[in-house]
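Source file query.csv; content: CSV, C-alpha atoms.
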```csv
chain,number,residue,atom,x,y,z
A,1,MET,CA,0.0,0.0,0.0
A,2,LYS,CA,1.1,3.5,-0.8
A,3,ARG,CA,2.1,5.5,2.3
A,4,PRO,CA,-0.1,8.5,3.0
A,5,GLU,CA,1.4,11.9,2.5
A,6,PRO,CA,2.8,13.5,5.7
A,7,ARG,CA,0.4,15.9,7.5
A,8,ARG,CA,1.4,19.4,8.5
A,9,LEU,CA,0.6,19.6,12.2
A,10,THR,CA,0.7,22.6,14.5
A,11,VAL,CA,2.4,22.8,17.9
A,12,LEU,CA,-0.4,23.5,20.4
A,13,GLU,CA,1.5,23.3,23.7
A,14,THR,CA,4.9,22.3,25.1
A,15,THR,CA,5.7,21.4,28.7
A,16,ARG,CA,8.5,19.7,30.8
A,17,VAL,CA,6.9,16.6,32.3
A,18,THR,CA,9.9,15.6,34.4
A,19,PRO,CA,13.5,16.8,34.3
A,20,ASN,CA,14.4,14.5,31.4
A,21,MET,CA,11.1,14.2,29.6
A,22,HIS,CA,9.7,17.0,27.4
A,23,ARG,CA,6.1,16.9,26.0
A,24,VAL,CA,4.8,18.4,22.8
A,25,LEU,CA,1.1,18.5,21.7
A,26,LEU,CA,0.5,18.5,18.0
A,27,GLY,CA,-2.8,19.3,16.4
A,28,GLY,CA,-4.5,21.9,14.2
A,29,PRO,CA,-6.4,21.4,10.9
A,30,GLY,CA,-3.8,18.9,9.6
A,31,LEU,CA,-5.0,16.4,12.3
A,32,THR,CA,-8.4,16.1,10.6
A,33,GLY,CA,-8.9,12.5,9.4
A,34,PHE,CA,-6.0,11.1,11.4
A,35,PRO,CA,-6.9,7.4,12.3
A,36,PRO,CA,-8.4,7.1,15.7
A,37,GLU,CA,-7.2,5.0,18.7
A,38,GLN,CA,-3.5,5.2,17.9
A,39,ASP,CA,-2.2,5.4,21.5
A,40,GLY,CA,1.1,3.5,21.5
A,41,GLY,CA,1.5,3.7,17.8
A,42,TYR,CA,4.2,5.8,16.2
A,43,VAL,CA,4.7,8.7,13.9
A,44,LYS,CA,7.6,9.9,11.7
A,45,LEU,CA,8.6,13.5,12.4
A,46,ARG,CA,10.3,15.4,9.6
A,47,ILE,CA,12.6,17.6,11.5
A,48,PRO,CA,13.4,20.8,9.5
A,49,GLY,CA,16.9,22.0,8.9
A,50,GLU,CA,19.6,22.3,6.3
A,51,LYS,CA,18.8,18.7,5.5
A,52,THR,CA,15.4,17.3,6.6
A,53,CYS,CA,15.8,14.3,8.9
A,54,VAL,CA,13.1,11.9,10.0
A,55,ARG,CA,12.8,10.6,13.6
A,56,THR,CA,10.3,8.1,15.1
A,57,TYR,CA,8.3,8.8,18.2
A,58,THR,CA,5.5,7.0,20.1
A,59,ILE,CA,2.0,8.5,20.4
A,60,ARG,CA,1.6,8.8,24.2
A,61,ARG,CA,-2.0,9.9,23.9
A,62,GLN,CA,-4.4,10.8,21.1
A,63,THR,CA,-7.5,13.0,21.4
A,64,GLU,CA,-9.7,14.6,18.8
A,65,GLU,CA,-7.6,17.8,19.3
A,66,ALA,CA,-4.0,16.6,19.6
A,67,LEU,CA,-1.3,14.0,19.5
A,68,THR,CA,0.8,13.9,22.6
A,69,LEU,CA,4.5,13.1,22.0
A,70,ASP,CA,7.1,12.7,24.8
A,71,PHE,CA,10.8,13.3,24.1
A,72,ALA,CA,13.4,11.6,26.4
A,73,LEU,CA,16.2,14.1,27.0
A,74,HIS,CA,19.6,12.3,26.7
A,75,GLY,CA,21.3,15.6,26.2
A,76,GLU,CA,20.8,19.3,25.7
A,77,GLY,CA,22.6,21.9,23.7
A,78,ALA,CA,25.3,20.3,21.5
A,79,ALA,CA,24.6,16.8,22.9
A,80,ALA,CA,21.0,16.9,21.8
A,81,GLY,CA,19.8,15.2,18.6
A,82,PRO,CA,17.8,17.1,16.0
A,83,ALA,CA,14.4,15.9,17.3
A,84,THR,CA,15.2,16.8,20.9
A,85,SER,CA,16.6,20.2,19.8
A,86,TRP,CA,13.4,20.9,17.8
A,87,ALA,CA,11.1,19.9,20.7
A,88,LEU,CA,13.0,22.0,23.2
A,89,THR,CA,12.7,25.1,21.1
A,90,ALA,CA,9.2,24.4,19.7
A,91,ALA,CA,6.5,27.0,20.4
A,92,PRO,CA,2.8,27.2,19.9
A,93,GLY,CA,2.1,27.9,16.3
A,94,ASP,CA,5.1,26.2,14.9
A,95,GLU,CA,4.4,23.6,12.2
A,96,LEU,CA,5.9,20.2,11.5
A,97,GLU,CA,5.3,17.5,8.9
A,98,VAL,CA,4.3,14.2,10.5
A,99,GLY,CA,4.0,10.8,8.7
A,100,GLY,CA,2.2,7.8,9.9
A,101,PRO,CA,0.7,6.4,12.1
A,102,GLY,CA,2.5,3.1,12.4
A,103,PRO,CA,1.0,0.3,14.5
A,104,ALA,CA,1.4,-0.1,18.2
A,105,LYS,CA,2.8,-3.2,19.9
A,106,PRO,CA,0.2,-3.9,22.5
A,107,LEU,CA,0.1,-6.7,25.1
A,108,PRO,CA,-2.1,-9.7,24.4
A,109,PRO,CA,-5.4,-9.9,26.2
A,110,GLY,CA,-5.6,-11.6,29.5
A,111,ARG,CA,-4.4,-11.0,33.1
A,112,GLY,CA,-0.8,-12.1,32.6
A,113,PRO,CA,1.4,-12.3,34.5
A,114,PHE,CA,3.1,-9.7,32.3
A,115,LEU,CA,6.7,-8.4,32.4
A,116,LEU,CA,7.4,-4.9,30.8
A,117,CYS,CA,10.8,-3.4,30.8
A,118,GLY,CA,12.5,-0.5,29.1
A,119,ASP,CA,14.2,2.9,29.4
A,120,MET,CA,12.9,6.4,29.0
A,121,THR,CA,12.5,6.1,25.3
A,122,ALA,CA,10.0,3.3,25.8
A,123,LEU,CA,8.2,5.0,28.8
A,124,PRO,CA,5.4,6.3,26.6
A,125,ALA,CA,4.7,2.9,25.0
A,126,ILE,CA,5.0,1.1,28.4
A,127,SER,CA,2.6,3.6,30.0
A,128,VAL,CA,0.0,3.1,27.2
A,129,ASN,CA,0.3,-0.7,27.6
A,130,LEU,CA,0.0,-0.6,31.4
A,131,GLU,CA,-3.1,1.7,31.2
A,132,ALA,CA,-4.8,-0.5,28.6
A,133,LEU,CA,-4.6,-3.7,30.8
A,134,SER,CA,-7.6,-5.1,32.5
A,135,GLU,CA,-8.1,-4.3,36.2
A,136,ASP,CA,-7.2,-7.8,37.2
A,137,ALA,CA,-3.9,-8.0,35.3
A,138,VAL,CA,-0.8,-8.9,37.3
A,139,GLY,CA,2.9,-8.7,36.7
A,140,ARG,CA,5.9,-6.4,37.0
A,141,ALA,CA,7.3,-3.4,35.1
A,142,VAL,CA,10.9,-2.3,35.3
A,143,ILE,CA,11.5,1.2,33.9
A,144,GLU,CA,14.9,2.8,33.7
A,145,VAL,CA,14.9,6.6,34.2
A,146,GLN,CA,17.7,9.1,34.7
A,147,SER,CA,16.7,10.5,38.1
A,148,GLU,CA,14.2,9.9,40.9
A,149,ASP,CA,12.3,12.9,39.7
A,150,ASP,CA,11.7,11.3,36.3
A,151,ARG,CA,9.2,8.8,37.8
A,152,GLN,CA,5.7,9.4,36.3
A,153,ASP,CA,2.2,8.6,37.5
A,154,ILE,CA,0.9,5.7,35.5
A,155,ALA,CA,-2.7,4.4,35.8
A,156,ALA,CA,-1.6,0.8,36.0
A,157,PRO,CA,-3.7,-2.0,37.6
A,158,SER,CA,-3.0,-2.5,41.3
A,159,GLY,CA,-1.6,-6.0,40.5
A,160,MET,CA,1.2,-4.5,38.3
A,161,ALA,CA,4.2,-3.7,40.4
A,162,ILE,CA,6.4,-0.9,39.0
A,163,GLU,CA,10.1,-0.7,39.8
A,164,TRP,CA,11.8,2.5,38.9
A,165,LEU,CA,15.4,1.9,38.1
A,166,ILE,CA,17.7,5.0,38.3
A,167,ASN,CA,20.5,5.2,35.7
A,168,PRO,CA,21.9,8.8,35.2
A,169,SER,CA,23.9,7.7,32.1
A,170,PRO,CA,21.4,6.1,29.7
A,171,GLY,CA,23.0,3.7,27.2
A,172,ALA,CA,26.4,3.7,29.0
A,173,ARG,CA,25.6,0.8,31.3
A,174,PRO,CA,23.4,-1.8,29.6
A,175,GLU,CA,24.0,-4.3,32.3
A,176,VAL,CA,21.9,-2.2,34.8
A,177,LEU,CA,18.5,-2.9,33.1
A,178,ASP,CA,19.5,-6.5,32.5
A,179,ALA,CA,20.3,-7.1,36.1
A,180,ALA,CA,17.1,-5.5,37.3
A,181,VAL,CA,15.0,-7.5,34.9
A,182,ARG,CA,16.7,-10.7,36.0
A,183,GLY,CA,15.9,-9.8,39.6
A,184,ALA,CA,12.3,-9.0,38.8
A,185,VAL,CA,11.8,-12.4,37.0
A,186,ARG,CA,13.3,-14.2,40.0
A,187,ALA,CA,11.1,-12.4,42.4
A,188,ALA,CA,8.1,-13.4,40.3
A,189,GLY,CA,9.0,-17.1,40.4
A,190,GLY,CA,11.1,-17.4,37.2
A,191,GLY,CA,10.5,-17.1,33.5
A,192,ASP,CA,7.9,-19.9,33.4
A,193,GLY,CA,5.6,-17.7,35.4
A,194,THR,CA,5.6,-15.0,32.7
A,195,ALA,CA,2.8,-15.2,30.2
A,196,TYR,CA,4.2,-12.4,28.1
A,197,ALA,CA,7.2,-10.1,28.1
A,198,TRP,CA,7.5,-6.7,26.4
A,199,ALA,CA,10.8,-4.9,26.2
A,200,ALA,CA,12.2,-1.9,24.4
A,201,CYS,CA,15.4,0.0,25.2
A,202,GLU,CA,18.9,0.9,24.0
A,203,PHE,CA,20.4,-1.5,21.5
A,204,ASP,CA,23.1,-3.1,23.7
A,205,ALA,CA,20.6,-3.5,26.6
A,206,MET,CA,18.1,-5.1,24.2
A,207,ARG,CA,20.6,-7.7,23.2
A,208,ARG,CA,21.3,-8.6,26.8
A,209,LEU,CA,17.6,-8.8,27.5
A,210,ARG,CA,16.9,-10.9,24.4
A,211,GLN,CA,19.6,-13.4,25.5
A,212,TYR,CA,18.0,-13.7,28.9
A,213,LEU,CA,14.3,-13.7,28.1
A,214,ARG,CA,14.5,-15.8,25.0
A,215,ALA,CA,17.4,-18.1,25.4
A,216,GLU,CA,17.4,-18.5,29.2
A,217,CYS,CA,13.7,-18.0,30.1
A,218,GLY,CA,12.5,-19.8,26.9
A,219,LEU,CA,10.1,-17.1,25.8
A,220,GLY,CA,9.2,-17.6,22.1
A,221,PRO,CA,7.8,-15.1,19.7
A,222,ASP,CA,4.3,-15.8,20.9
A,223,ARG,CA,5.3,-14.7,24.4
A,224,LEU,CA,7.9,-12.0,23.8
A,225,TYR,CA,8.1,-8.6,22.0
A,226,ILE,CA,11.6,-7.0,22.1
A,227,SER,CA,13.1,-4.1,20.2
A,228,SER,CA,15.8,-1.5,20.4
A,229,TYR,CA,14.6,2.0,20.1
A,230,TRP,CA,18.0,3.6,19.8
A,231,LYS,CA,21.7,2.9,20.0
A,232,ARG,CA,24.1,5.0,22.0
A,233,GLY,CA,26.4,7.1,19.7
A,234,LEU,CA,24.4,6.5,16.5
A,235,ILE,CA,21.7,8.5,14.8
A,236,GLU,CA,18.4,6.9,13.8
A,237,ASP,CA,19.5,5.9,10.3
A,238,GLU,CA,22.7,4.3,11.6
A,239,HIS,CA,20.7,2.5,14.3
A,240,LYS,CA,18.5,1.0,11.6
A,241,VAL,CA,21.5,-0.5,9.9
A,242,ALA,CA,22.7,-1.9,13.2
A,243,LYS,CA,19.3,-3.4,13.8
A,244,ARG,CA,19.1,-4.9,10.4
A,245,THR,CA,22.6,-6.5,10.7
A,246,ASP,CA,21.8,-7.8,14.2
A,247,ALA,CA,18.5,-9.3,13.0
A,248,GLU,CA,20.3,-11.1,10.1
A,249,THR,CA,22.9,-12.4,12.5
A,250,ASP,CA,20.3,-13.4,15.0
A,251,VAL,CA,18.4,-15.5,12.4
A,252,VAL,CA,21.6,-17.3,11.4
A,253,SER,CA,22.5,-18.1,15.0
A,254,ALA,CA,19.0,-19.1,16.1
```

Written as structure tokens, that's how I'd like the structure from this file.
Amino acid sequence: MKRPEPRRLTVLETTRVTPNMHRVLLGGPGLTGFPPEQDGGYVKLRIPGEKTCVRTYTIRRQTEEALTLDFALHGEGAAAGPATSWALTAAPGDELEVGGPGPAKPLPPGRGPFLLCGDMTALPAISVNLEALSEDAVGRAVIEVQSEDDRQDIAAPSGMAIEWLINPSPGARPEVLDAAVRGAVRAAGGGDGTAYAWAACEFDAMRRLRQYLRAECGLGPDRLYISSYWKRGLIEDEHKVAKRTDAETDVVSA
């Protein structure tokens, strides 16, 4: 199918949600006809500049008036990427071309037990998934953030325990998230007690989690979604190449 043409959306509001998460609401006339119920899906932002670049972001929330996008801040100033730089300087009335939406990666129906894990880039998608669960769902979520103040209120079922993991240097220590997830699984009685696991994070952390959840816990494709959302030191296009190479190698070694 032919991809729809990008929409030109207008910045309605910007706000700092936590010290390291910045929120932008996009709407305006260009949102007319946008497919409904896209929470957790993704859009492609065409960041203006000398050379237009495209960056992928999760839809944290959709209403008739706006799409809410959250930007994890791994750096500011010279250390910030083009999408983060744009978000930090965006003001109401600014316009941006937006492609998509692409599909969400929801949890399967049922009460679990579920395991969700990821870093701040995955926090919007994890939040959407937790809030969509049935009230009787059970399980654990391990979410890596950069500071204690980056914790967010999530309307999760009471049976879903949320562990906030503090790592001030995202991507620099992939073993931190891996160790925390291993501890969460042990606390829940082992991998056999997990009905479904959902994980998204930095590339090197993803590879560690994949080895553990798939090879050691025995979670097959019907019980595991895992993806890298970024790779430390690489821009999105370079990350895509790394993901493709990793996927090809992973298929050969499987």

Work out how far apart CA of Ile162 in chain A and CA of Ala141 in chain A are and give it in Å to one decimal.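 Straight-line distance from CA of Ile162 in chain A to CA of Ala141 in chain A works out to 4.7 Å.
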
So, with only C-alpha atoms as the atoms that count, which of A:Ala242, A:Ala104, A:Ala188, A:Cys117 lies closest to Ile226 in chain A?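 Of A:Ala242, A:Ala104, A:Ala188, A:Cys117, the one nearest Ile226 in chain A is A:Cys117, counting only C-alpha atoms.
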
Using all atoms listed in the file, which residue out of A:Gly41, A:Pro124, A:Pro174, A:Pro157 lies closest to Met206 in chain A?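 Under the stated criterion, the closest residue is A:Pro174.
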
Residues at most 6 Å from Ile59 in chain A, counting only C-alpha atoms, excluding those fewer than 2 positions away in the same chain, as a ChimeraX atom specification? /A:39-42,61,68-69

Restricting the calculation to only C-alpha atoms: of A:Leu116, A:Pro170, A:Ser134, A:Asp150, which residue gets closest to Thr194 in chain A? A:Leu116

Between A:Arg223, A:Arg60, A:Arg208, A:Arg46, single out the one closest to Gly112 in chain A, counting all atoms listed in the file.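 Ranked by minimum distance to Gly112 in chain A, first place goes to A:Arg223.
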
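We find CA of Val24 in chain A and CA of Trp198 in chain A to be spaced 25.5 Å apart.
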
Excluding range 80-95 of chain A and residues on its chain fewer than 5 positions from it, collect all residues at most 12 Å away from it, counting all atoms listed in the file, and give them as number ranges by chain. A: 7-16, 20-31, 44-57, 69-75, 121, 230, 232-236

Using all atoms listed in the file and a cutoff of 12 Å, can you tell me which residues are near (1.5, 0.0, 42.1) in the file's coordinates, and write them out as a list in words?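 The residues that fall inside the cut-off are Leu130, Glu131, Ala137, Val138, Gly139, Arg140, Ala141, Val142, Gln152, Asp153, Ile154, Ala155, Ala156, Pro157, Ser158, Gly159, Met160, Ala161, Ile162, Glu163 and Trp164 of chain A.
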
For Glu148 in chain A, which residue out of A:Pro6, A:Ser169, A:Thr18, A:Ala132 is the nearest one, using all atoms listed in the file? A:Thr18
